[in-house]
Amino acid sequence: MNPLIKFFRTKIYTAVFLLSLLLAIGVIGFRIMSNYSWVDSVYMTVITITTVGFGEVQPLDDNAKIFTIFLILASVIILGYAITVITEYILSKNDLEEIKHKEMQKKIDSLKNHIIICGFGRNGKQAARKLTTYNKPFVIIEKDKEVIEKFIEDDLPFIFGNANEDETLIEAGIERASTLISALPNDADNLFVVLSARQINKSMRIISRASQETSYDKLKLAGANNVILPDRIGGDHMASLVVIPDLVEFIDNLGIVGERNINIEEVVVDQLYDTDAVKTIRDLDLRRKTGCTVIGFKDGKGEYLVNPEADTQLIAGSKIIVLGRPEQIERLNSLYNIK
């Protein structure tokens, strides 16, 4: 939560508490000192605190008058404080929104090689959840302010605006970003975002959602590296559960089965050792050191090799895909200081 908002809420809670305490002291005081009924005690306390000037229920003795004097003085101070806090909060509400926006923009401006998610619908939320689990920095562009207000307390980096506009993409740091995920519900909007993003950053990776199969080639032509058809994937997945159910369930569990329960990881070879002297998978001996098994290899040209041989050379710029239980993956990351 924004520290300034938290500060204002604390002051408001304090004012409400002091007013409640003053009311309680007044009611109990009049009840004990003047032997008023509870209704009369509340009545006397309210007209005293608000200083409306109505008459007393019955004449007060000296002790009750002294008590009333202190109650009036205390009420002037506490009511003045409460009115000041409420007025200050109302007048500064717009300033708070501006301060929050500036703080969020400052945080976004400090990001580099981050991911931009366009649209925070079902697919956008899933992408954000996955990236959060892997501690990948990202920025969300959303044009529905109600959605932003609903999730802003989760400390997610939002930008309010239309992802179709270049100014919004630049505000999200597209020139410094490594990847853009366009998860808008409309294919035409996704196409426009892909075109704009590719013009601004020609080297970034762009992943787009598509609802219609006819949009696939158009999005690829516009500059998308990958185009995902959620409906097709969903249908294939359901059919696979009929044909090879156990295998599909096993593959599903290779991803994430909960927060930080990562079973599979992609690691850049340069993070594992000094690549000036090339090592092999056997030399690295990850199985003995961490318990993880190397199940895939990607060379510098982008070619994949499934279940690579032990004598596969781990050259600079290549990557390996490792499989293991969550604690084994954690051991790997800890041993090689992989963030």
# chains A, B, ... in the order shown; residues from 1 in each chain; ligands from 1
>>> closest_atom_pairs(of="stretch 161-269 of chain A", to="stretch 291-302 of chain A", cutoff="12 Å", atoms="only C-alpha atoms", output="CSV")
residue,atom,partner,partner_atom,distance
A:Ile262,CA,A:Cys292,CA,11.9
A:Asn263,CA,A:Cys292,CA,9.4
A:Ile264,CA,A:Cys292,CA,9.1
A:Glu265,CA,A:Cys292,CA,9.6
A:Glu266,CA,A:Gly296,CA,8.9
A:Val267,CA,A:Phe297,CA,9.7
A:Val268,CA,A:Lys298,CA,9.4
A:Val269,CA,A:Phe297,CA,9.8
>>> select_by_dssp(residues="stretch 63-161 of chain A", states="alpha helix (DSSP H)", output="MDAnalysis selection string")
chainID A and resid 63:109 122:133 145:151
>>> residues_around(residues="stretch 215-226 of chain A", least_positions_apart="2", cutoff="7 Å", atoms="only C-alpha atoms", output="PyMOL selection string")
chain A and resi 187+191+194-195+198+205-208+210+212-213+228
>>> write_last_selection(atoms="N, CA and C atoms", output="PDB file, in the first residue's frame")
ATOM      1  N   ASP A 187      -8.758  -9.776 -31.867  1.00  0.00           N
ATOM      2  CA  ASP A 187      -7.614 -10.067 -32.731  1.00  0.00           C
ATOM      3  C   ASP A 187      -7.095  -8.821 -33.438  1.00  0.00           C
ATOM      4  N   LEU A 191      -3.353  -7.408 -33.315  1.00  0.00           N
ATOM      5  CA  LEU A 191      -2.587  -7.161 -34.536  1.00  0.00           C
ATOM      6  C   LEU A 191      -1.968  -5.763 -34.517  1.00  0.00           C
ATOM      7  N   VAL A 194       0.927  -5.642 -31.998  1.00  0.00           N
ATOM      8  CA  VAL A 194       2.119  -6.323 -32.527  1.00  0.00           C
ATOM      9  C   VAL A 194       2.840  -5.441 -33.541  1.00  0.00           C
ATOM     10  N   LEU A 195       2.086  -4.818 -34.439  1.00  0.00           N
ATOM     11  CA  LEU A 195       2.686  -3.922 -35.436  1.00  0.00           C
ATOM     12  C   LEU A 195       3.413  -2.752 -34.767  1.00  0.00           C
ATOM     13  N   ARG A 198       6.561  -3.978 -32.790  1.00  0.00           N
ATOM     14  CA  ARG A 198       7.677  -4.389 -33.648  1.00  0.00           C
ATOM     15  C   ARG A 198       8.370  -3.181 -34.267  1.00  0.00           C
ATOM     16  N   ARG A 205      11.029 -10.065 -28.184  1.00  0.00           N
ATOM     17  CA  ARG A 205      10.187 -11.206 -28.500  1.00  0.00           C
ATOM     18  C   ARG A 205       8.732 -10.811 -28.280  1.00  0.00           C
ATOM     19  N   ILE A 206       7.866 -11.143 -29.234  1.00  0.00           N
ATOM     20  CA  ILE A 206       6.447 -10.776 -29.147  1.00  0.00           C
ATOM     21  C   ILE A 206       5.604 -12.047 -29.198  1.00  0.00           C
ATOM     22  N   ILE A 207       4.756 -12.188 -28.204  1.00  0.00           N
ATOM     23  CA  ILE A 207       3.836 -13.329 -28.120  1.00  0.00           C
ATOM     24  C   ILE A 207       2.415 -12.776 -28.120  1.00  0.00           C
ATOM     25  N   SER A 208       1.600 -13.271 -29.021  1.00  0.00           N
ATOM     26  CA  SER A 208       0.239 -12.734 -29.145  1.00  0.00           C
ATOM     27  C   SER A 208      -0.808 -13.829 -29.014  1.00  0.00           C
ATOM     28  N   ALA A 210      -4.589 -15.169 -30.118  1.00  0.00           N
ATOM     29  CA  ALA A 210      -5.486 -15.071 -31.273  1.00  0.00           C
ATOM     30  C   ALA A 210      -6.733 -15.899 -31.005  1.00  0.00           C
ATOM     31  N   GLN A 212      -9.187 -16.309 -33.604  1.00  0.00           N
ATOM     32  CA  GLN A 212      -9.515 -16.961 -34.869  1.00  0.00           C
ATOM     33  C   GLN A 212      -8.247 -17.525 -35.531  1.00  0.00           C
ATOM     34  N   GLU A 213      -8.379 -18.706 -36.132  1.00  0.00           N
ATOM     35  CA  GLU A 213      -7.226 -19.316 -36.808  1.00  0.00           C
ATOM     36  C   GLU A 213      -6.784 -18.476 -38.012  1.00  0.00           C
ATOM     37  N   ILE A 228      -0.539 -17.717 -30.017  1.00  0.00           N
ATOM     38  CA  ILE A 228      -1.206 -18.740 -29.221  1.00  0.00           C
ATOM     39  C   ILE A 228      -2.702 -18.702 -29.485  1.00  0.00           C
TER      40      ILE A 228
END
>>> select_by_dssp(residues="stretch 103-258 of chain A", states="strand (DSSP E or B)", output="list in words")
Ile115, Ile116, Ile117, Cys118, Phe138, Val139, Ile140, Ile141, Glu142, Phe158, Ile159, Phe160, Thr179, Leu180, Ile181, Ser182, Arg205, Ile206, Ile207, Ser208, Arg209, Asn226, Val227, Ile228 and Ile256 of chain A
>>> residues_around(residues="stretch 61-76 of chain A", least_positions_apart="6", cutoff="10 Å", atoms="only C-alpha atoms", output="number ranges by chain")
A: 18-19, 22-23, 25-26, 29-30, 32-34, 44-45, 47-51, 82
>>> write_last_selection(atoms="N, CA and C atoms", output="short mmCIF file (atom, residue, chain, number, x, y, z; two decimals), in the first residue's frame")
data_model
loop_
_atom_site.label_atom_id
_atom_site.label_comp_id
_atom_site.auth_asym_id
_atom_site.auth_seq_id
_atom_site.Cartn_x
_atom_site.Cartn_y
_atom_site.Cartn_z
N LEU A 18 -10.61 8.79 18.82
CA LEU A 18 -10.68 9.88 19.81
C LEU A 18 -12.10 10.38 19.99
N LEU A 19 -12.85 10.51 18.89
CA LEU A 19 -14.25 10.94 18.98
C LEU A 19 -15.09 9.92 19.75
N LEU A 22 -14.16 10.17 23.41
CA LEU A 22 -14.75 11.38 24.00
C LEU A 22 -16.23 11.20 24.27
N LEU A 23 -16.94 10.58 23.34
CA LEU A 23 -18.38 10.33 23.51
C LEU A 23 -18.62 9.39 24.69
N ILE A 25 -16.63 8.84 27.31
CA ILE A 25 -16.31 9.52 28.57
C ILE A 25 -17.43 10.48 28.97
N GLY A 26 -17.97 11.20 28.00
CA GLY A 26 -19.05 12.14 28.29
C GLY A 26 -20.28 11.44 28.81
N GLY A 29 -19.56 10.00 32.24
CA GLY A 29 -19.39 11.07 33.20
C GLY A 29 -20.71 11.67 33.65
N PHE A 30 -21.57 12.01 32.70
CA PHE A 30 -22.88 12.58 33.06
C PHE A 30 -23.74 11.57 33.81
N ILE A 32 -22.69 9.20 35.84
CA ILE A 32 -22.21 9.01 37.22
C ILE A 32 -22.35 10.31 38.04
N MET A 33 -21.90 11.44 37.45
CA MET A 33 -21.81 12.68 38.22
C MET A 33 -23.17 13.36 38.42
N SER A 34 -24.06 13.25 37.44
CA SER A 34 -25.36 13.94 37.55
C SER A 34 -26.53 12.99 37.67
N MET A 44 -26.90 15.01 26.57
CA MET A 44 -26.04 16.06 27.12
C MET A 44 -24.64 16.01 26.50
N THR A 45 -24.13 14.78 26.28
CA THR A 45 -22.80 14.64 25.69
C THR A 45 -22.77 15.18 24.27
N ILE A 47 -24.86 17.41 22.76
CA ILE A 47 -25.03 18.87 22.65
C ILE A 47 -23.81 19.61 23.21
N THR A 48 -23.10 18.97 24.14
CA THR A 48 -21.89 19.60 24.68
C THR A 48 -20.75 19.54 23.68
N ILE A 49 -20.56 18.34 23.07
CA ILE A 49 -19.47 18.16 22.10
C ILE A 49 -19.70 19.03 20.87
N THR A 50 -20.95 19.09 20.42
CA THR A 50 -21.24 19.85 19.19
C THR A 50 -21.46 21.33 19.47
N THR A 51 -21.53 21.71 20.75
CA THR A 51 -21.70 23.11 21.17
C THR A 51 -22.89 23.79 20.47
N ALA A 82 -10.33 16.17 13.83
CA ALA A 82 -11.07 15.29 12.92
C ALA A 82 -11.46 16.01 11.64
#
>>> closest_atom_pairs(of="stretch 140-185 of chain A", to="stretch 107-119 of chain A", cutoff="10 Å", atoms="only C-alpha atoms", output="CSV")
residue,atom,partner,partner_atom,distance
A:Ile140,CA,A:Ile117,CA,4.8
A:Ile141,CA,A:Cys118,CA,4.9
A:Glu142,CA,A:Gly119,CA,5.1
A:Lys143,CA,A:Gly119,CA,7.7
A:Asp144,CA,A:Gly119,CA,9.0
A:Pro157,CA,A:Ile108,CA,7.2
A:Phe158,CA,A:Ile108,CA,9.0
A:Ile159,CA,A:Ile108,CA,9.2
A:Gly161,CA,A:Cys118,CA,9.9
A:Asn162,CA,A:Cys118,CA,8.7
A:Ala163,CA,A:Cys118,CA,6.1
A:Asn164,CA,A:Cys118,CA,9.2
A:Leu169,CA,A:Ile116,CA,8.5
A:Glu171,CA,A:Asp109,CA,8.1
A:Ala172,CA,A:Ile108,CA,6.7
A:Gly173,CA,A:Asp109,CA,6.6
A:Ile174,CA,A:Ile116,CA,7.3
A:Glu175,CA,A:Lys112,CA,9.1
A:Arg176,CA,A:Lys112,CA,5.3
A:Ala177,CA,A:Asn113,CA,4.5
A:Ser178,CA,A:Asn113,CA,4.5
A:Thr179,CA,A:Ile115,CA,4.8
A:Leu180,CA,A:Ile116,CA,4.7
A:Ile181,CA,A:Ile117,CA,4.8
A:Ser182,CA,A:Cys118,CA,4.8
A:Ala183,CA,A:Gly119,CA,5.4
A:Leu184,CA,A:Gly119,CA,5.1
A:Pro185,CA,A:Gly119,CA,8.0
>>> atom_distance(atom1="atom CA of A:Leu284", atom2="atom CA of A:Leu314")
9.1 Å
>>> atom_distance(atom1="atom CA of A:Asn123", atom2="atom CA of A:Asn253")
19.4 Å
